[in-house]
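Colleague: Pasting in a structure now, in structure tokens, and then I'll have a few things to ask.
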Amino acid sequence: MIETAPAPLSGGPVRGRLPGALRLLAPFLIALGAGAVVLWATGRDAFAVYGQLADAALGGGTQIADTLAATTPILFTGIATALAFRAGAFNVGVEGSLYVGAFAAAWTGFSFPHLPGAPLLALAALLAALAGAAWALLPALARAWLDVSEVVTTLMLNYVAILLTSYLVNDHFLARGVANSMSPMIAPQARLPPLLPGSQLSAALLLGLLLLAGYWFLFSRSTLGFELRLVGLAPRLARASGVDLRRSLVIAMLASGLVGGWAGGFQVLGVIHRFVDGFSPGYGFTGIAVAILGRNHPLGILAGALFFGILTSGGGMVQLVSSIPIDLVNVVQGTLMVFAVADLGRLGWLRRWAGRA
Amino acid sequence: MSAPRIGLRGIVKRYGPIVANDRVDLDVAAGGIHAVVGENGAGKTTLMRIIAGLVEPDAGRYELDGRPVRLRGPADAIRRGIGMVHQRFQLVEELSALENLVLGATPGRLRFDRRAARTAARRLAEQLAAELDWEAPVAQLSVGQRQRLEIMRLLYRRADILIFDEPTSVLTPGEAELLFGIMRRLAADGRTILFITHKLPEVFAVAQHVTVMRRGRVVATSAVADTDPRQVGRQMVGEDLTPPDLRPSGRVGRPVLALREVSATGGRGEPRLRRVSFEVAEGEIVGVAGVEGNGQRELVEVVMGLRQPAGGEILLDGRPCGHRGVRERRDLGVAFISEDRDGEGASLDATIADNAVATAYRRPPLARAGLLSPGRVRRATEDLIRRFGVQGGRPGAPARVLSGGNLQRLVVGRELSRVPRLLVAAHPTRGVDLRGTVFIRQQLHRAREAGAAILLVSEEIVELLELCDRIVVLYRGRITADLPVARVTAERLGALMAGLAA
Amino acid sequence: MPDALQAVLAAAAPASASILLAAMGGAVNRQGGIVNVGLEAKMLVGAFVAVICGAATSSSALGALAAAAAGALVGSAFSLVVTRLGANEIVAGLGLNLAAVGLFGYLLPVVFGVSATLSPPGLVGLPLLRIPLLDAVPFLGPVLSGHDPLTYVSWMVVPLTWLLLYRTTWGVSLRATGADEEAARAAGIRTLLLRDLSTAWAGALAGLAGAQLSLGLVQLFNKQMTGGRGFIALAAFYFGDARPGLTALAALVFGVFEAASFRLQGGELAPQLVQMLPYLAVVASLLVVGARRRRLRRRRELTPEPGR
Ligand SMILES: Nc1ncnc2c1ncn2[C@@H]1O[C@H](COP(=O)(O)OP(=O)(O)O)[C@@H](O)[C@H]1O
Ligand SMILES: [Mg+2]
């Protein structure tokens, strides 16, 4: 009874197709529409709020820098998720990798205060990557050798990671004299350099962009990337062509977990500078939305990450100035996730309408 | 004379360029067994699916008892008393036999009355003289039991026209006898039975009428009493194809592939290949003849490295390689045309270019040191499209846009773009249009003349006789004959494939 | 020690009720072929609606009914996106959870003027019922009796689920749909409709589970009050292979963990480590099942043929 097959992103054959632009934009329109309905129903002017939000996110140098800072962890988790999706591995455990990666980076940062900056940073990044990859190892092996669906194992391990890091920080590495559950600060030399003083933007963004370039290179210029893509797209063809499916699957899952570890690690090294219990507002899950909406394409991932970056940083500012809770952003994002995987082309009336328009 | 139970007039069904049923006329009398025979791809299954309401014909009339009908789906068909036992059973393996029996049969009732269902089940089992464990999940039943369960399901729904699509292809001889007994009993009760088969002896054992199909058309319908196996065999194969000269030049070199006592088992652990031994040499096409399900699939997989043999030895150019994976074998010069075109052979979702280089992407000139050159990939694809006459799509388009025949040209081109040491070709022309078929056969011939060793698995007698140097016959997992082509005739081969002693 | 055990078990009964309700719904849904990751959202909706309607009508019973209806409604909408628009149920379920969390995070301050916790005036909780005979059972009395009605409902749902799945044609058809949709459709079953109904049913039970939290355990709504119980329910029906008995057992055991982890706060064993157990249990059980299946397969494949 227990399901083992990898879940396809959208079930069944594609019955009808909407024109390309509408297909790409429809989920966004629906999600922003859902947010607008909530706003209007509670007596707010949705257009005004969205305008404010855009302004708060993009209306100036500092604003843009903060938006890019908000984009950074999502860019990482988007890449992490897409790496797995491309190879047909449904990794929904990037959130877990992110937590253990963040903890590993923070632990390195406050445990070796005597190391100079560069080696300390390198060590922190290395351990974050290892921790993140290790978190994906068990689901990867279970899928490759035991045919156990990675969907449920990775989903479950997210909560284990959140609870485990919470336990570690509360019971063993609690900073003295703070009210909340956080670790000590990392050594100053372990911080990634800020890109724009006065904003949260750090060099982590550049690392993210570099990684994105690497992602592009992998899938369009390397035989390994071709292989992974073939495994995701056409596993039987790949097998008959001589590709080792298990090896590809494990590689993709580990790479995904590794980048997930970096997502958390660089958030610690670049922005929060310590480990905070439950610090992620669901970056890993946002990464799923980013990968799907961006169709695993590098530019799509970048655009998706920016969209959520704008939403988060703009939403945060709007909350401050006009007391509209940032939670609204979650309504938009949640709706977006639902409709990102829905095949609206199955709606005959929508297809006909789009054909006429 | 009263109207036939089923009457088809001018039925046409097309799948893209393929005409699966071409102006078919068929009358089936009530209360008897009517056999339909024909080679693979002749259109038998399509025709039966039309009768069972699973496929709507593009044109033509369908009458039941002389009255025209239009079926809206299989549920409608079963309401009119028509049911089909499919080649692939439509049972839910996880549910018990009893649950499968009643599944969907009483949509209006909420309570699942186990006792009533069991009573009905017992009565049906008695009627067929076939007992089975009603509480066991279907996954635990033997193939024959499953088939009988399918029959009982139809009877439970009061079907009086029963269609069997190659029911014996999955049965042991004993079970087949059991099935024939059931069929005779049902016919004696006044039910109408349509029976598809490849095996002529079966026709003459149970049927009263036989219809022969070839290339989508009905060639002949006769009373069994008025014809004989030779005549039906000739009608099946037809003599309308003038083959291009693909005679081997006869320069056969050293053996490339050698199998020694190779065995393999299927998914349920049942033996599928039993101590198979033969060789294929340079410049030689060895045909593996046999009706589907006699171990061909397993043979191909074992040779390709897609399946672990359960015993025996496989040698490539004299080196044992039973333990090697697909990639290692391909690196030794093995190429593969899979019978599973939309899956193993090609992917409809991937682009034409991806499909074209799916086996060569690691080698120069496409790649060096792990780096892939997109420009070279595109050029290689265009080259392949040109050389092998693939029509209908550019390299960047998804392979879905290609017709079946053109997709197969792409696959054949990919595998033969370099002359392989060994080519494993499984049903390379199945479902391919006539021109494509001729083209693909020529390519195989050319590869042989260039020195490749070719293992050709096929059910098509014409193809085997036309191309092969030698033919081995696979029957129930064993090699039952290994003959030079000169000593084989169509009739003899048909008999061997059907398991009759030569 | 027996007293402590008795106290934990007595606390576990109401603490596990919401998990049990949601898990039984999820199991039915799973048998129909949908892995419902959105239970958490439906619980939250149920908890909210129960408080609002309960306060408006001054009736906890009406509050609970409204919660079930709301859960069913959300479940149906979710189902339509999955069955009719082919959406991946995992991603859509995660999205639904996020949207629900966001919606209540927004509504509480904007509409009700509270930051996280809503406790409208006139809200009456579910009564605690003492069951005369059960009450008298030695040791188990406080474990079996003295709970809110929805806790008893959660127990009754277990045999009900079994009846539904194995003794109705609906249940047989649903299981067929989940196991092999193509074969089920060939048998004339309206598989999409059945799936939708099963998701609506799961939604209704999750809504009731939410009501049990906001009217039974406490008398208020908090935007974080489900606290991952939807995922524990998922863990329970995965662990129980979607079979009613095993799923219920898992849900009850997880409820005991939860009751225990509350008592552990400030103790020697960290509560987080206990809270992990359901999730680890699922991973472990999946691995065991996978390993067993693999061993069977290998044995079958590699059996050499015995002679000629
Ligand atoms: N669903 C389909 N889509 C495309 N082609 C089909 C389909 N079904 C059958 N065909 C084609 O129609 C022809 C007749 O097939 P079929 O009726 O299965 O023949 P038979 O049962 O006699 O072997 C074959 O060429 C086959 O490839
Ligand atoms: Mg057929």
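Residues in the structure tokens are numbered from 1 in each chain, the chains being A, B, ... in the order shown, and ligands are numbered from 1 in the order shown.
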Excluding segment 230-235 of chain B and its own-chain neighbours fewer than 2 positions away, which residues fall within 10 Å of it when counting only C-alpha atoms? Please give them as a VMD selection string.
Modeller: chain B and resid 37 to 39 198 to 200 203 210 to 214 218 to 222 224 227 to 228 237 to 239 490 to 491 494 to 495
Colleague: I'd like the neighbourhood of segment 321-336 of chain B as JSON, numbers by chain, where a residue qualifies if any of its atoms comes within 10 Å (using only C-alpha atoms), though same-chain residues fewer than 4 positions away should be ignored.
Modeller: {"A": [239, 240, 241, 242, 243, 244], "B": [257, 259, 262, 300, 301, 302, 303, 304, 305, 306, 307, 308, 309, 310, 311, 312, 313, 314, 315, 316, 317, 344, 345, 359, 360, 363, 411, 412, 414, 415, 416, 418, 419, 420, 421, 422, 423, 424, 425, 426, 428, 452, 453, 454, 455]}
Colleague: Could you pull out the residues in segment 96-322 of chain A that DSSP calls helix (DSSP H, G or I) from the backbone, as a VMD selection string?
Modeller: chain A and resid 96 to 111 117 to 146 150 to 171 188 to 190 204 to 221 223 to 233 235 to 240 245 to 272 283 to 293 298 to 322
Colleague: Could you give me, as a list in words, the residues within 8 Å of segment 46-58 of chain C, counting only C-alpha atoms and dropping anything in the same chain fewer than 5 positions from it?
Modeller: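 Residues meeting the cut-off are Gly63, Ala64, Leu65, Ala66, Ala67, Ala68, Ala70, Gly71, Ser119, Pro120, Pro121, Gly122, Leu123, Val124, Ala206, Gly207, Leu208, Ala209, Gly210, Ala211, Gln212, Leu213, Ser214, Leu215, Gln219, Leu220 and Phe221 of chain C.
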Colleague: Since we have the selection now, will you write its residues out, keeping N, CA and C atoms, as an mmCIF file, in the first residue's frame?
Modeller:
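Output file result_25.cif is given in full below:
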data_model
loop_
_atom_site.group_PDB
_atom_site.id
_atom_site.type_symbol
_atom_site.label_atom_id
_atom_site.label_comp_id
_atom_site.auth_asym_id
_atom_site.auth_seq_id
_atom_site.Cartn_x
_atom_site.Cartn_y
_atom_site.Cartn_z
ATOM 1 N N GLY C 63 -20.712 24.800 17.010
ATOM 2 C CA GLY C 63 -19.353 25.177 16.624
ATOM 3 C C GLY C 63 -18.615 24.011 16.000
ATOM 4 N N ALA C 64 -18.732 22.840 16.624
ATOM 5 C CA ALA C 64 -18.037 21.662 16.106
ATOM 6 C C ALA C 64 -18.594 21.255 14.746
ATOM 7 N N LEU C 65 -19.928 21.306 14.609
ATOM 8 C CA LEU C 65 -20.522 20.955 13.314
ATOM 9 C C LEU C 65 -20.050 21.904 12.221
ATOM 10 N N ALA C 66 -20.047 23.194 12.562
ATOM 11 C CA ALA C 66 -19.590 24.173 11.573
ATOM 12 C C ALA C 66 -18.146 23.916 11.200
ATOM 13 N N ALA C 67 -17.324 23.516 12.171
ATOM 14 C CA ALA C 67 -15.920 23.220 11.894
ATOM 15 C C ALA C 67 -15.805 22.065 10.910
ATOM 16 N N ALA C 68 -16.629 21.025 11.127
ATOM 17 C CA ALA C 68 -16.593 19.885 10.214
ATOM 18 C C ALA C 68 -16.992 20.319 8.804
ATOM 19 N N ALA C 70 -16.794 23.298 7.486
ATOM 20 C CA ALA C 70 -15.752 24.134 6.892
ATOM 21 C C ALA C 70 -14.587 23.283 6.417
ATOM 22 N N GLY C 71 -14.210 22.287 7.235
ATOM 23 C CA GLY C 71 -13.127 21.403 6.830
ATOM 24 C C GLY C 71 -13.469 20.664 5.546
ATOM 25 N N SER C 119 -10.220 34.875 21.744
ATOM 26 C CA SER C 119 -11.074 34.212 22.725
ATOM 27 C C SER C 119 -12.317 35.067 22.890
ATOM 28 N N PRO C 120 -13.253 34.919 21.940
ATOM 29 C CA PRO C 120 -14.404 35.822 21.935
ATOM 30 C C PRO C 120 -15.297 35.600 23.163
ATOM 31 N N PRO C 121 -15.969 36.626 23.617
ATOM 32 C CA PRO C 121 -16.865 36.490 24.762
ATOM 33 C C PRO C 121 -18.022 35.557 24.404
ATOM 34 N N GLY C 122 -18.503 34.857 25.379
ATOM 35 C CA GLY C 122 -19.646 33.975 25.149
ATOM 36 C C GLY C 122 -19.239 32.626 24.596
ATOM 37 N N LEU C 123 -17.949 32.402 24.463
ATOM 38 C CA LEU C 123 -17.509 31.112 23.950
ATOM 39 C C LEU C 123 -17.598 30.062 25.052
ATOM 40 N N VAL C 124 -18.345 29.003 24.758
ATOM 41 C CA VAL C 124 -18.399 27.918 25.729
ATOM 42 C C VAL C 124 -17.665 26.716 25.162
ATOM 43 N N ALA C 206 -10.746 16.466 9.839
ATOM 44 C CA ALA C 206 -9.697 17.391 10.265
ATOM 45 C C ALA C 206 -10.329 18.634 10.885
ATOM 46 N N GLY C 207 -11.462 19.080 10.316
ATOM 47 C CA GLY C 207 -12.175 20.217 10.894
ATOM 48 C C GLY C 207 -12.626 19.909 12.319
ATOM 49 N N LEU C 208 -13.171 18.692 12.499
ATOM 50 C CA LEU C 208 -13.566 18.270 13.853
ATOM 51 C C LEU C 208 -12.359 18.239 14.787
ATOM 52 N N ALA C 209 -11.237 17.763 14.230
ATOM 53 C CA ALA C 209 -10.013 17.720 15.033
ATOM 54 C C ALA C 209 -9.658 19.124 15.507
ATOM 55 N N GLY C 210 -9.797 20.097 14.603
ATOM 56 C CA GLY C 210 -9.515 21.481 14.979
ATOM 57 C C GLY C 210 -10.463 21.950 16.077
ATOM 58 N N ALA C 211 -11.742 21.579 15.943
ATOM 59 C CA ALA C 211 -12.715 21.981 16.959
ATOM 60 C C ALA C 211 -12.356 21.372 18.305
ATOM 61 N N GLN C 212 -11.850 20.151 18.273
ATOM 62 C CA GLN C 212 -11.467 19.517 19.535
ATOM 63 C C GLN C 212 -10.345 20.308 20.208
ATOM 64 N N LEU C 213 -9.455 20.867 19.390
ATOM 65 C CA LEU C 213 -8.367 21.665 19.957
ATOM 66 C C LEU C 213 -8.898 22.966 20.560
ATOM 67 N N SER C 214 -9.764 23.662 19.809
ATOM 68 C CA SER C 214 -10.128 25.020 20.216
ATOM 69 C C SER C 214 -11.359 25.058 21.119
ATOM 70 N N LEU C 215 -12.114 23.974 21.190
ATOM 71 C CA LEU C 215 -13.271 23.954 22.097
ATOM 72 C C LEU C 215 -13.122 22.907 23.195
ATOM 73 N N GLN C 219 -10.272 26.777 25.362
ATOM 74 C CA GLN C 219 -11.413 27.502 24.799
ATOM 75 C C GLN C 219 -10.919 28.788 24.169
ATOM 76 N N LEU C 220 -10.164 28.665 23.110
ATOM 77 C CA LEU C 220 -9.663 29.836 22.400
ATOM 78 C C LEU C 220 -9.078 29.380 21.077
ATOM 79 N N PHE C 221 -8.831 30.367 20.200
ATOM 80 C CA PHE C 221 -8.148 30.056 18.950
ATOM 81 C C PHE C 221 -6.804 30.752 18.948
#
Colleague: Which residues form the shell of 9 Å around ligand 1 when you count only C-alpha atoms and all ligand atoms, given as a compact mmCIF listing (two decimals) with all heavy atoms, in the first residue's frame?
Modeller:
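Dumped everything to result_7.txt:
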# COMPACT_ATOMS: atom_id res chain seq x y z
N LYS B 13 -10.68 2.68 -38.28
CA LYS B 13 -10.06 3.35 -37.14
C LYS B 13 -8.61 3.69 -37.49
O LYS B 13 -7.84 2.82 -37.87
CB LYS B 13 -10.10 2.44 -35.89
CG LYS B 13 -9.43 3.06 -34.67
CD LYS B 13 -10.21 4.23 -34.13
CE LYS B 13 -9.35 5.12 -33.26
NZ LYS B 13 -10.08 6.33 -32.82
N ARG B 14 -8.29 4.96 -37.38
CA ARG B 14 -6.93 5.41 -37.69
C ARG B 14 -6.22 5.87 -36.43
O ARG B 14 -6.84 6.44 -35.54
CB ARG B 14 -6.96 6.61 -38.64
CG ARG B 14 -7.39 6.28 -40.04
CD ARG B 14 -7.17 7.47 -40.96
NE ARG B 14 -7.85 7.23 -42.23
CZ ARG B 14 -9.14 7.46 -42.43
NH1 ARG B 14 -9.87 8.00 -41.46
NH2 ARG B 14 -9.70 7.17 -43.57
N TYR B 15 -4.92 5.61 -36.37
CA TYR B 15 -4.07 6.22 -35.35
C TYR B 15 -3.00 6.99 -36.11
O TYR B 15 -2.04 6.39 -36.58
CB TYR B 15 -3.42 5.17 -34.45
CG TYR B 15 -4.38 4.50 -33.50
CD1 TYR B 15 -4.76 3.18 -33.68
CD2 TYR B 15 -4.91 5.21 -32.43
CE1 TYR B 15 -5.63 2.58 -32.79
CE2 TYR B 15 -5.79 4.61 -31.55
CZ TYR B 15 -6.14 3.30 -31.74
OH TYR B 15 -7.01 2.70 -30.87
N GLY B 16 -3.21 8.27 -36.25
CA GLY B 16 -2.26 9.04 -37.06
C GLY B 16 -2.21 8.47 -38.45
O GLY B 16 -3.26 8.26 -39.08
N PRO B 17 -1.02 8.17 -38.93
CA PRO B 17 -0.91 7.66 -40.30
C PRO B 17 -1.28 6.18 -40.40
O PRO B 17 -1.49 5.66 -41.50
CB PRO B 17 0.57 7.86 -40.63
CG PRO B 17 1.25 7.82 -39.30
CD PRO B 17 0.29 8.37 -38.30
N ILE B 18 -1.37 5.50 -39.27
CA ILE B 18 -1.63 4.07 -39.30
C ILE B 18 -3.13 3.83 -39.34
O ILE B 18 -3.89 4.40 -38.56
CB ILE B 18 -1.03 3.39 -38.05
CG1 ILE B 18 0.48 3.47 -38.11
CG2 ILE B 18 -1.50 1.95 -37.95
CD1 ILE B 18 1.14 3.04 -36.84
N VAL B 19 -3.54 2.98 -40.29
CA VAL B 19 -4.95 2.59 -40.32
C VAL B 19 -5.04 1.25 -39.61
O VAL B 19 -4.68 0.21 -40.15
CB VAL B 19 -5.45 2.48 -41.77
CG1 VAL B 19 -6.96 2.23 -41.77
CG2 VAL B 19 -5.13 3.75 -42.53
N ALA B 20 -5.50 1.29 -38.38
CA ALA B 20 -5.52 0.07 -37.57
C ALA B 20 -6.64 -0.84 -38.04
O ALA B 20 -6.50 -2.06 -38.04
CB ALA B 20 -5.69 0.42 -36.09
N ASN B 21 -7.78 -0.26 -38.42
CA ASN B 21 -8.89 -1.02 -38.99
C ASN B 21 -9.33 -0.33 -40.27
O ASN B 21 -9.65 0.86 -40.26
CB ASN B 21 -10.08 -1.11 -38.02
CG ASN B 21 -9.83 -2.08 -36.87
OD1 ASN B 21 -10.51 -2.05 -35.87
ND2 ASN B 21 -8.84 -2.95 -37.03
N VAL B 37 -7.85 -14.24 -36.13
CA VAL B 37 -6.41 -14.46 -36.15
C VAL B 37 -5.74 -13.42 -37.05
O VAL B 37 -6.39 -12.77 -37.87
CB VAL B 37 -6.05 -15.88 -36.65
CG1 VAL B 37 -6.62 -16.92 -35.73
CG2 VAL B 37 -6.54 -16.09 -38.08
N GLY B 38 -4.45 -13.28 -36.87
CA GLY B 38 -3.69 -12.34 -37.69
C GLY B 38 -2.37 -12.06 -37.03
O GLY B 38 -2.21 -12.28 -35.83
N GLU B 39 -1.41 -11.58 -37.82
CA GLU B 39 -0.11 -11.27 -37.26
C GLU B 39 -0.22 -10.09 -36.32
O GLU B 39 -1.22 -9.38 -36.29
CB GLU B 39 0.89 -10.96 -38.38
CG GLU B 39 1.25 -12.15 -39.21
CD GLU B 39 2.55 -11.91 -39.93
OE1 GLU B 39 2.64 -10.90 -40.65
OE2 GLU B 39 3.48 -12.72 -39.76
N ASN B 40 0.87 -9.87 -35.61
CA ASN B 40 0.88 -8.72 -34.71
C ASN B 40 0.71 -7.44 -35.49
O ASN B 40 1.31 -7.26 -36.54
CB ASN B 40 2.19 -8.69 -33.95
CG ASN B 40 1.96 -8.42 -32.51
OD1 ASN B 40 1.48 -7.36 -32.15
ND2 ASN B 40 2.25 -9.40 -31.69
N GLY B 41 -0.11 -6.54 -34.98
CA GLY B 41 -0.33 -5.27 -35.66
C GLY B 41 -1.39 -5.35 -36.74
O GLY B 41 -1.62 -4.39 -37.46
N ALA B 42 -2.04 -6.50 -36.87
CA ALA B 42 -3.04 -6.65 -37.92
C ALA B 42 -4.31 -5.86 -37.61
O ALA B 42 -5.13 -5.61 -38.49
CB ALA B 42 -3.38 -8.13 -38.11
N GLY B 43 -4.49 -5.48 -36.34
CA GLY B 43 -5.66 -4.68 -35.99
C GLY B 43 -6.71 -5.44 -35.20
O GLY B 43 -7.82 -4.95 -35.01
N LYS B 44 -6.36 -6.61 -34.71
CA LYS B 44 -7.34 -7.43 -33.98
C LYS B 44 -7.78 -6.76 -32.69
O LYS B 44 -8.97 -6.63 -32.41
CB LYS B 44 -6.72 -8.80 -33.65
CG LYS B 44 -6.11 -9.52 -34.83
CD LYS B 44 -5.49 -10.83 -34.44
CE LYS B 44 -4.29 -10.70 -33.51
NZ LYS B 44 -3.07 -10.15 -34.11
N THR B 45 -6.78 -6.32 -31.89
CA THR B 45 -7.12 -5.73 -30.60
C THR B 45 -7.96 -4.48 -30.79
O THR B 45 -8.95 -4.26 -30.08
CB THR B 45 -5.83 -5.39 -29.83
OG1 THR B 45 -5.13 -6.60 -29.57
CG2 THR B 45 -6.14 -4.70 -28.52
N THR B 46 -7.58 -3.66 -31.76
CA THR B 46 -8.35 -2.45 -32.01
C THR B 46 -9.80 -2.78 -32.32
O THR B 46 -10.73 -2.16 -31.79
CB THR B 46 -7.71 -1.68 -33.19
OG1 THR B 46 -6.35 -1.42 -32.88
CG2 THR B 46 -8.44 -0.37 -33.42
N LEU B 47 -9.99 -3.78 -33.15
CA LEU B 47 -11.36 -4.15 -33.54
C LEU B 47 -12.15 -4.61 -32.32
O LEU B 47 -13.31 -4.24 -32.13
CB LEU B 47 -11.30 -5.26 -34.59
CG LEU B 47 -12.64 -5.57 -35.26
CD1 LEU B 47 -13.12 -4.37 -36.06
CD2 LEU B 47 -12.54 -6.80 -36.14
N MET B 48 -11.51 -5.40 -31.47
CA MET B 48 -12.20 -5.91 -30.27
C MET B 48 -12.52 -4.76 -29.31
O MET B 48 -13.56 -4.75 -28.66
CB MET B 48 -11.33 -6.95 -29.56
CG MET B 48 -11.09 -8.19 -30.39
SD MET B 48 -12.63 -8.97 -30.95
CE MET B 48 -12.35 -9.03 -32.70
N ARG B 49 -11.61 -3.82 -29.24
CA ARG B 49 -11.85 -2.68 -28.35
C ARG B 49 -13.02 -1.83 -28.87
O ARG B 49 -13.74 -1.23 -28.08
CB ARG B 49 -10.58 -1.83 -28.22
CG ARG B 49 -9.52 -2.53 -27.35
CD ARG B 49 -8.18 -1.84 -27.44
NE ARG B 49 -8.20 -0.49 -26.93
CZ ARG B 49 -8.00 -0.16 -25.66
NH1 ARG B 49 -7.77 -1.11 -24.78
NH2 ARG B 49 -8.03 1.08 -25.27
N VAL B 55 -13.10 1.90 -27.70
CA VAL B 55 -12.59 2.77 -28.75
C VAL B 55 -13.76 3.11 -29.67
O VAL B 55 -14.58 2.24 -29.96
CB VAL B 55 -11.48 2.05 -29.56
CG1 VAL B 55 -11.11 2.83 -30.80
CG2 VAL B 55 -10.27 1.80 -28.69
N ASP B 165 -8.91 -11.51 -25.64
CA ASP B 165 -7.79 -11.03 -26.45
C ASP B 165 -6.54 -11.83 -26.12
O ASP B 165 -5.94 -11.64 -25.07
CB ASP B 165 -7.55 -9.54 -26.20
CG ASP B 165 -6.62 -8.93 -27.24
OD1 ASP B 165 -6.12 -9.70 -28.10
OD2 ASP B 165 -6.40 -7.71 -27.20
N GLU B 166 -6.17 -12.71 -27.00
CA GLU B 166 -5.02 -13.59 -26.82
C GLU B 166 -4.94 -14.17 -25.42
O GLU B 166 -3.94 -13.99 -24.71
CB GLU B 166 -3.72 -12.83 -27.15
CG GLU B 166 -3.68 -12.41 -28.60
CD GLU B 166 -2.33 -11.87 -29.01
OE1 GLU B 166 -1.32 -12.31 -28.43
OE2 GLU B 166 -2.28 -11.01 -29.89
N ILE B 196 -9.39 -14.14 -29.83
CA ILE B 196 -8.22 -13.76 -30.63
C ILE B 196 -7.06 -14.66 -30.30
O ILE B 196 -6.81 -14.95 -29.13
CB ILE B 196 -7.80 -12.32 -30.30
CG1 ILE B 196 -8.92 -11.36 -30.63
CG2 ILE B 196 -6.56 -11.94 -31.08
CD1 ILE B 196 -8.52 -9.93 -30.46
N MET B 213 -7.30 -11.51 -40.21
CA MET B 213 -7.02 -10.09 -40.47
C MET B 213 -5.58 -9.91 -40.89
O MET B 213 -4.69 -10.64 -40.45
CB MET B 213 -7.28 -9.25 -39.20
CG MET B 213 -8.75 -9.14 -38.85
SD MET B 213 -9.01 -7.99 -37.48
CE MET B 213 -8.77 -6.41 -38.30
N ARG B 214 -5.37 -8.93 -41.75
CA ARG B 214 -4.00 -8.60 -42.16
C ARG B 214 -3.96 -7.12 -42.47
O ARG B 214 -4.80 -6.62 -43.22
CB ARG B 214 -3.61 -9.43 -43.37
CG ARG B 214 -2.13 -9.28 -43.71
CD ARG B 214 -1.68 -10.30 -44.74
NE ARG B 214 -2.08 -9.91 -46.08
CZ ARG B 214 -2.78 -10.66 -46.91
NH1 ARG B 214 -3.18 -11.86 -46.54
NH2 ARG B 214 -3.10 -10.23 -48.11
N ARG B 215 -3.02 -6.39 -41.89
CA ARG B 215 -2.86 -4.97 -42.15
C ARG B 215 -4.16 -4.19 -42.00
O ARG B 215 -4.51 -3.38 -42.85
CB ARG B 215 -2.35 -4.75 -43.58
CG ARG B 215 -1.05 -5.41 -43.84
CD ARG B 215 0.02 -4.39 -44.11
NE ARG B 215 1.31 -5.04 -44.02
CZ ARG B 215 1.98 -5.49 -45.05
NH1 ARG B 215 1.51 -5.31 -46.26
NH2 ARG B 215 3.12 -6.08 -44.89
N GLY B 216 -4.91 -4.49 -40.96
CA GLY B 216 -6.11 -3.72 -40.69
C GLY B 216 -7.35 -4.18 -41.41
O GLY B 216 -8.43 -3.65 -41.18
N GLY B 404 5.13 7.72 -35.24
CA GLY B 404 5.81 6.54 -34.74
C GLY B 404 6.94 6.08 -35.67
O GLY B 404 8.03 5.74 -35.21
N ARG B 430 7.76 -2.87 -35.73
CA ARG B 430 6.39 -2.99 -35.21
C ARG B 430 5.72 -1.62 -35.21
O ARG B 430 6.25 -0.64 -34.71
CB ARG B 430 6.42 -3.55 -33.80
CG ARG B 430 5.04 -3.84 -33.26
CD ARG B 430 5.11 -4.22 -31.80
NE ARG B 430 5.37 -5.64 -31.61
CZ ARG B 430 5.52 -6.18 -30.41
NH1 ARG B 430 5.48 -5.43 -29.33
NH2 ARG B 430 5.75 -7.47 -30.31
N GLY B 431 4.55 -1.55 -35.81
CA GLY B 431 3.81 -0.29 -35.82
C GLY B 431 4.40 0.77 -36.72
O GLY B 431 4.02 1.93 -36.63
N VAL B 432 5.33 0.38 -37.58
CA VAL B 432 5.94 1.37 -38.48
C VAL B 432 5.28 1.24 -39.85
O VAL B 432 4.95 0.14 -40.29
CB VAL B 432 7.46 1.11 -38.57
CG1 VAL B 432 8.10 2.02 -39.61
CG2 VAL B 432 8.10 1.29 -37.21
N ASP B 433 5.09 2.36 -40.51
CA ASP B 433 4.46 2.34 -41.82
C ASP B 433 5.32 1.57 -42.83
O ASP B 433 6.49 1.29 -42.58
CB ASP B 433 4.21 3.77 -42.30
CG ASP B 433 5.50 4.56 -42.32
OD1 ASP B 433 6.17 4.65 -41.27
OD2 ASP B 433 5.87 5.08 -43.39
Colleague: Tell me as a list in words which residues belonging to chain B come within 7 Å of chain C, counting only C-alpha atoms.
Modeller: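 Going by the stated atoms only, the list reads Ala75, Gln90, Leu91, Val92, Glu94, Leu95, Glu99, Leu103, Gly104, Arg109, Leu110, Arg111, Phe112, Thr265, Gly266, Gly267, Arg268, Gly269, Pro271, Ala310 and Gly311 of chain B.
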